[in-house]
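Notes follow the structure.
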Amino acid sequence: HFYAFATALSLVTKLLEPVGLERLTDQGYEWQPRVPENWHPSINETHGVFATSSNSLVNVTLIDPVVVNVTVGEIGIQWVFSVSPRGGWAQGDDSFTIQLVYVAVFTFIGGMGMGCATVAGVRANYKLSQPNA
């Protein structure tokens, strides 16, 4: 018995639309899903990238992206999804390091002060609890 073959043709953007990836774009992120290996020859120039956020180019690699492997085992699909902030991740500057040193120093000083106050309080209570000799 032969039943039939069916073929469906759809735009990738229409397939990804329900996922809401444009919300990532609105929040300042760029994204690129790609096929990790054995991609169709039509996407050779993009190294497997088949879609991208509206503000990035298909053939441009994202700056230090977070990469997630997506596998749909039931139908044998594997994608790699990359996301990074527009312009790359924020870098720490010297002022953060200076602030961190200040916090560490003042925490140490405060801890020492509280420790000394506790020891002084315990000694005072001990002296008060001792009978006069």
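How things are named: the first chain in the structure tokens is A, the next is B, and so on; residues count from 1 in each chain; ligands count from 1 in the order shown.
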Chain A: which residues are strand (DSSP E or B) by DSSP, as an MDAnalysis selection string?
chainID A and resid 29:34 49 66:72 77:85
Export, as a PDB file, in the first residue's frame, the selected residues with N, CA and C atoms.
```pdb
ATOM      1  N   TYR A  29      19.668  42.083  22.826  1.00  0.00           N
ATOM      2  CA  TYR A  29      20.468  40.901  22.533  1.00  0.00           C
ATOM      3  C   TYR A  29      20.425  40.577  21.042  1.00  0.00           C
ATOM      4  N   GLU A  30      21.491  39.944  20.565  1.00  0.00           N
ATOM      5  CA  GLU A  30      21.543  39.412  19.212  1.00  0.00           C
ATOM      6  C   GLU A  30      21.551  37.896  19.322  1.00  0.00           C
ATOM      7  N   TRP A  31      20.942  37.227  18.378  1.00  0.00           N
ATOM      8  CA  TRP A  31      20.859  35.771  18.422  1.00  0.00           C
ATOM      9  C   TRP A  31      21.037  35.183  17.034  1.00  0.00           C
ATOM     10  N   GLN A  32      21.517  33.939  17.009  1.00  0.00           N
ATOM     11  CA  GLN A  32      21.722  33.226  15.751  1.00  0.00           C
ATOM     12  C   GLN A  32      21.540  31.725  15.977  1.00  0.00           C
ATOM     13  N   PRO A  33      20.495  31.127  15.422  1.00  0.00           N
ATOM     14  CA  PRO A  33      20.434  29.660  15.416  1.00  0.00           C
ATOM     15  C   PRO A  33      21.184  29.150  14.185  1.00  0.00           C
ATOM     16  N   ARG A  34      21.867  28.031  14.341  1.00  0.00           N
ATOM     17  CA  ARG A  34      22.584  27.477  13.197  1.00  0.00           C
ATOM     18  C   ARG A  34      22.578  25.955  13.274  1.00  0.00           C
ATOM     19  N   VAL A  49      24.459  29.202   9.786  1.00  0.00           N
ATOM     20  CA  VAL A  49      23.485  30.130  10.388  1.00  0.00           C
ATOM     21  C   VAL A  49      22.329  30.284   9.412  1.00  0.00           C
ATOM     22  N   VAL A  66      26.729  33.166  24.423  1.00  0.00           N
ATOM     23  CA  VAL A  66      26.318  32.011  25.206  1.00  0.00           C
ATOM     24  C   VAL A  66      25.728  31.035  24.198  1.00  0.00           C
ATOM     25  N   VAL A  67      26.179  29.793  24.223  1.00  0.00           N
ATOM     26  CA  VAL A  67      25.784  28.811  23.206  1.00  0.00           C
ATOM     27  C   VAL A  67      25.010  27.680  23.873  1.00  0.00           C
ATOM     28  N   VAL A  68      23.863  27.342  23.281  1.00  0.00           N
ATOM     29  CA  VAL A  68      23.018  26.265  23.793  1.00  0.00           C
ATOM     30  C   VAL A  68      22.748  25.285  22.656  1.00  0.00           C
ATOM     31  N   ASN A  69      22.935  24.001  22.919  1.00  0.00           N
ATOM     32  CA  ASN A  69      22.597  22.974  21.935  1.00  0.00           C
ATOM     33  C   ASN A  69      21.121  22.619  22.082  1.00  0.00           C
ATOM     34  N   VAL A  70      20.403  22.627  20.976  1.00  0.00           N
ATOM     35  CA  VAL A  70      18.977  22.309  20.968  1.00  0.00           C
ATOM     36  C   VAL A  70      18.796  21.067  20.110  1.00  0.00           C
ATOM     37  N   THR A  71      18.221  20.021  20.700  1.00  0.00           N
ATOM     38  CA  THR A  71      18.006  18.780  19.967  1.00  0.00           C
ATOM     39  C   THR A  71      16.548  18.376  20.066  1.00  0.00           C
ATOM     40  N   VAL A  72      15.951  18.092  18.918  1.00  0.00           N
ATOM     41  CA  VAL A  72      14.599  17.535  18.861  1.00  0.00           C
ATOM     42  C   VAL A  72      14.781  16.118  18.332  1.00  0.00           C
ATOM     43  N   ILE A  77      16.449  16.648  14.611  1.00  0.00           N
ATOM     44  CA  ILE A  77      16.948  17.995  14.340  1.00  0.00           C
ATOM     45  C   ILE A  77      17.889  18.409  15.460  1.00  0.00           C
ATOM     46  N   GLN A  78      19.014  18.983  15.088  1.00  0.00           N
ATOM     47  CA  GLN A  78      19.949  19.517  16.072  1.00  0.00           C
ATOM     48  C   GLN A  78      20.369  20.905  15.628  1.00  0.00           C
ATOM     49  N   TRP A  79      20.229  21.879  16.525  1.00  0.00           N
ATOM     50  CA  TRP A  79      20.619  23.263  16.267  1.00  0.00           C
ATOM     51  C   TRP A  79      21.557  23.715  17.358  1.00  0.00           C
ATOM     52  N   VAL A  80      22.308  24.755  17.079  1.00  0.00           N
ATOM     53  CA  VAL A  80      23.101  25.450  18.087  1.00  0.00           C
ATOM     54  C   VAL A  80      22.568  26.874  18.116  1.00  0.00           C
ATOM     55  N   PHE A  81      22.138  27.321  19.291  1.00  0.00           N
ATOM     56  CA  PHE A  81      21.550  28.646  19.435  1.00  0.00           C
ATOM     57  C   PHE A  81      22.527  29.522  20.195  1.00  0.00           C
ATOM     58  N   SER A  82      22.917  30.656  19.595  1.00  0.00           N
ATOM     59  CA  SER A  82      23.894  31.567  20.201  1.00  0.00           C
ATOM     60  C   SER A  82      23.223  32.894  20.524  1.00  0.00           C
ATOM     61  N   VAL A  83      23.531  33.441  21.707  1.00  0.00           N
ATOM     62  CA  VAL A  83      22.972  34.727  22.145  1.00  0.00           C
ATOM     63  C   VAL A  83      24.081  35.550  22.784  1.00  0.00           C
ATOM     64  N   SER A  84      24.121  36.845  22.463  1.00  0.00           N
ATOM     65  CA  SER A  84      25.042  37.759  23.135  1.00  0.00           C
ATOM     66  C   SER A  84      24.454  39.165  23.117  1.00  0.00           C
ATOM     67  N   PRO A  85      24.838  39.998  24.074  1.00  0.00           N
ATOM     68  CA  PRO A  85      24.348  41.373  24.073  1.00  0.00           C
ATOM     69  C   PRO A  85      24.883  42.135  22.862  1.00  0.00           C
TER      70      PRO A  85
END
```
From region 69-122 of chain A, collect each residue whose DSSP state is helix (DSSP H, G or I) and return the set as a list in words.
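Helix (DSSP H, G or I) assignments inside region 69-122 of chain A correspond to Asp94, Ser95, Phe96, Thr97, Ile98, Gln99, Leu100, Val101, Tyr102, Val103, Ala104, Val105, Phe106, Thr107, Phe108, Ile109, Gly110, Gly111, Met112, Gly113, Met114, Gly115, Cys116, Ala117, Thr118, Val119, Ala120, Gly121 and Val122 of chain A.
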How would the residues just chosen look if you wrote them out with N, CA, C and O atoms as an mmCIF file, in the first residue's frame?
```cif
data_model
loop_
_atom_site.group_PDB
_atom_site.id
_atom_site.type_symbol
_atom_site.label_atom_id
_atom_site.label_comp_id
_atom_site.auth_asym_id
_atom_site.auth_seq_id
_atom_site.Cartn_x
_atom_site.Cartn_y
_atom_site.Cartn_z
ATOM 1 N N ASP A 94 38.321 49.576 36.407
ATOM 2 C CA ASP A 94 39.138 49.746 37.609
ATOM 3 C C ASP A 94 38.315 50.232 38.789
ATOM 4 O O ASP A 94 38.618 49.904 39.924
ATOM 5 N N SER A 95 37.289 51.034 38.548
ATOM 6 C CA SER A 95 36.513 51.561 39.666
ATOM 7 C C SER A 95 35.833 50.428 40.435
ATOM 8 O O SER A 95 35.680 50.496 41.649
ATOM 9 N N PHE A 96 35.428 49.362 39.747
ATOM 10 C CA PHE A 96 34.829 48.219 40.432
ATOM 11 C C PHE A 96 35.850 47.568 41.351
ATOM 12 O O PHE A 96 35.549 47.215 42.489
ATOM 13 N N THR A 97 37.073 47.406 40.883
ATOM 14 C CA THR A 97 38.126 46.796 41.700
ATOM 15 C C THR A 97 38.410 47.640 42.929
ATOM 16 O O THR A 97 38.549 47.114 44.036
ATOM 17 N N ILE A 98 38.462 48.940 42.746
ATOM 18 C CA ILE A 98 38.702 49.842 43.882
ATOM 19 C C ILE A 98 37.560 49.745 44.879
ATOM 20 O O ILE A 98 37.777 49.675 46.092
ATOM 21 N N GLN A 99 36.321 49.723 44.384
ATOM 22 C CA GLN A 99 35.168 49.607 45.278
ATOM 23 C C GLN A 99 35.203 48.285 46.035
ATOM 24 O O GLN A 99 34.878 48.229 47.224
ATOM 25 N N LEU A 100 35.605 47.221 45.365
ATOM 26 C CA LEU A 100 35.696 45.916 46.010
ATOM 27 C C LEU A 100 36.739 45.934 47.128
ATOM 28 O O LEU A 100 36.515 45.381 48.206
ATOM 29 N N VAL A 101 37.876 46.594 46.905
ATOM 30 C CA VAL A 101 38.911 46.705 47.944
ATOM 31 C C VAL A 101 38.375 47.501 49.130
ATOM 32 O O VAL A 101 38.563 47.120 50.285
ATOM 33 N N TYR A 102 37.672 48.609 48.860
ATOM 34 C CA TYR A 102 37.077 49.397 49.945
ATOM 35 C C TYR A 102 36.114 48.560 50.768
ATOM 36 O O TYR A 102 36.133 48.589 52.001
ATOM 37 N N VAL A 103 35.251 47.819 50.109
ATOM 38 C CA VAL A 103 34.280 46.986 50.830
ATOM 39 C C VAL A 103 35.009 45.963 51.696
ATOM 40 O O VAL A 103 34.654 45.758 52.864
ATOM 41 N N ALA A 104 36.047 45.323 51.152
ATOM 42 C CA ALA A 104 36.793 44.321 51.915
ATOM 43 C C ALA A 104 37.476 44.940 53.125
ATOM 44 O O ALA A 104 37.411 44.399 54.237
ATOM 45 N N VAL A 105 38.114 46.099 52.956
ATOM 46 C CA VAL A 105 38.822 46.756 54.063
ATOM 47 C C VAL A 105 37.842 47.188 55.154
ATOM 48 O O VAL A 105 38.056 46.923 56.341
ATOM 49 N N PHE A 106 36.751 47.844 54.747
ATOM 50 C CA PHE A 106 35.804 48.322 55.754
ATOM 51 C C PHE A 106 35.057 47.177 56.431
ATOM 52 O O PHE A 106 34.702 47.271 57.611
ATOM 53 N N THR A 107 34.841 46.072 55.724
ATOM 54 C CA THR A 107 34.237 44.899 56.345
ATOM 55 C C THR A 107 35.185 44.325 57.394
ATOM 56 O O THR A 107 34.766 43.967 58.497
ATOM 57 N N PHE A 108 36.472 44.274 57.074
ATOM 58 C CA PHE A 108 37.466 43.782 58.031
ATOM 59 C C PHE A 108 37.518 44.682 59.263
ATOM 60 O O PHE A 108 37.508 44.203 60.396
ATOM 61 N N ILE A 109 37.565 45.995 59.037
ATOM 62 C CA ILE A 109 37.635 46.943 60.164
ATOM 63 C C ILE A 109 36.380 46.832 61.025
ATOM 64 O O ILE A 109 36.448 46.799 62.262
ATOM 65 N N GLY A 110 35.214 46.761 60.369
ATOM 66 C CA GLY A 110 33.958 46.633 61.121
ATOM 67 C C GLY A 110 33.905 45.334 61.907
ATOM 68 O O GLY A 110 33.463 45.307 63.061
ATOM 69 N N GLY A 111 34.369 44.258 61.292
ATOM 70 C CA GLY A 111 34.390 42.964 61.986
ATOM 71 C C GLY A 111 35.315 42.985 63.185
ATOM 72 O O GLY A 111 34.992 42.445 64.252
ATOM 73 N N MET A 112 36.477 43.611 63.028
ATOM 74 C CA MET A 112 37.419 43.718 64.158
ATOM 75 C C MET A 112 36.809 44.554 65.284
ATOM 76 O O MET A 112 36.948 44.218 66.458
ATOM 77 N N GLY A 113 36.147 45.644 64.919
ATOM 78 C CA GLY A 113 35.513 46.487 65.934
ATOM 79 C C GLY A 113 34.432 45.741 66.693
ATOM 80 O O GLY A 113 34.337 45.829 67.928
ATOM 81 N N MET A 114 33.609 45.005 65.965
ATOM 82 C CA MET A 114 32.550 44.237 66.630
ATOM 83 C C MET A 114 33.144 43.136 67.496
ATOM 84 O O MET A 114 32.639 42.843 68.587
ATOM 85 N N GLY A 115 34.230 42.511 67.026
ATOM 86 C CA GLY A 115 34.897 41.474 67.819
ATOM 87 C C GLY A 115 35.463 42.042 69.115
ATOM 88 O O GLY A 115 35.309 41.449 70.184
ATOM 89 N N CYS A 116 36.114 43.208 69.033
ATOM 90 C CA CYS A 116 36.673 43.841 70.235
ATOM 91 C C CYS A 116 35.565 44.236 71.211
ATOM 92 O O CYS A 116 35.703 44.062 72.424
ATOM 93 N N ALA A 117 34.458 44.753 70.676
ATOM 94 C CA ALA A 117 33.336 45.139 71.536
ATOM 95 C C ALA A 117 32.744 43.911 72.222
ATOM 96 O O ALA A 117 32.379 43.965 73.409
ATOM 97 N N THR A 118 32.675 42.799 71.533
ATOM 98 C CA THR A 118 32.144 41.570 72.123
ATOM 99 C C THR A 118 33.067 41.068 73.223
ATOM 100 O O THR A 118 32.609 40.704 74.322
ATOM 101 N N VAL A 119 34.366 41.050 72.967
ATOM 102 C CA VAL A 119 35.322 40.599 73.986
ATOM 103 C C VAL A 119 35.263 41.510 75.205
ATOM 104 O O VAL A 119 35.258 41.046 76.356
ATOM 105 N N ALA A 120 35.190 42.812 75.000
ATOM 106 C CA ALA A 120 35.113 43.759 76.122
ATOM 107 C C ALA A 120 33.831 43.532 76.930
ATOM 108 O O ALA A 120 33.849 43.571 78.168
ATOM 109 N N GLY A 121 32.719 43.285 76.238
ATOM 110 C CA GLY A 121 31.462 43.034 76.938
ATOM 111 C C GLY A 121 31.501 41.756 77.757
ATOM 112 O O GLY A 121 31.007 41.703 78.887
ATOM 113 N N VAL A 122 32.096 40.698 77.199
ATOM 114 C CA VAL A 122 32.207 39.425 77.922
ATOM 115 C C VAL A 122 33.104 39.599 79.138
ATOM 116 O O VAL A 122 32.795 39.120 80.240
#
```
For a test of reading the model, state the distance in Å between CA of Thr52 (chain A) and CA of Ile75 (chain A), rounded to one decimal.
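CA of Ile75 (chain A) lies 22.8 Å from CA of Thr52 (chain A).
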Interatomic distance between CA of Thr61 (chain A) and CA of Leu16 (chain A)?
20.1 Å
Separation of CA of Leu15 (chain A) and CA of Gly76 (chain A), in Å?
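Straight-line distance from CA of Leu15 (chain A) to CA of Gly76 (chain A) works out to 16.8 Å.
Proximity to Thr25 (chain A) was assessed for A:Gly73, A:Tyr3, A:Val60, A:Ser53 counting only C-alpha atoms; the smallest distance is recorded for A:Ser53.
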Mind checking which residues fall within 9 Å of region 86-88 of chain A, counting only C-alpha atoms, ignoring those fewer than 5 positions away in the same chain, and posting them as a PyMOL selection string?
chain A and resi 25+28-30+55-56+62-65
Output file for the residues above (N, CA and C atoms, as an mmCIF file, in the first residue's frame):
```cif
data_model
loop_
_atom_site.group_PDB
_atom_site.id
_atom_site.type_symbol
_atom_site.label_atom_id
_atom_site.label_comp_id
_atom_site.auth_asym_id
_atom_site.auth_seq_id
_atom_site.Cartn_x
_atom_site.Cartn_y
_atom_site.Cartn_z
ATOM 1 N N THR A 25 15.711 40.612 20.961
ATOM 2 C CA THR A 25 16.221 41.757 20.197
ATOM 3 C C THR A 25 15.794 43.057 20.856
ATOM 4 N N GLY A 28 17.935 44.097 23.696
ATOM 5 C CA GLY A 28 19.338 44.418 23.433
ATOM 6 C C GLY A 28 20.240 43.233 23.162
ATOM 7 N N TYR A 29 19.668 42.083 22.826
ATOM 8 C CA TYR A 29 20.468 40.901 22.533
ATOM 9 C C TYR A 29 20.425 40.577 21.042
ATOM 10 N N GLU A 30 21.491 39.944 20.565
ATOM 11 C CA GLU A 30 21.543 39.412 19.212
ATOM 12 C C GLU A 30 21.551 37.896 19.322
ATOM 13 N N ASN A 55 18.840 42.938 13.945
ATOM 14 C CA ASN A 55 19.884 43.966 13.911
ATOM 15 C C ASN A 55 21.292 43.400 13.699
ATOM 16 N N SER A 56 21.413 42.107 13.406
ATOM 17 C CA SER A 56 22.746 41.550 13.145
ATOM 18 C C SER A 56 22.760 40.873 11.777
ATOM 19 N N LEU A 62 28.830 36.362 16.430
ATOM 20 C CA LEU A 62 28.507 37.134 17.627
ATOM 21 C C LEU A 62 29.726 37.207 18.543
ATOM 22 N N ILE A 63 29.790 38.259 19.351
ATOM 23 C CA ILE A 63 30.919 38.480 20.255
ATOM 24 C C ILE A 63 30.712 37.668 21.524
ATOM 25 N N ASP A 64 31.561 36.669 21.749
ATOM 26 C CA ASP A 64 31.557 35.834 22.952
ATOM 27 C C ASP A 64 30.143 35.412 23.347
ATOM 28 N N PRO A 65 29.443 34.666 22.482
ATOM 29 C CA PRO A 65 28.051 34.323 22.782
ATOM 30 C C PRO A 65 27.906 33.208 23.808
#
```
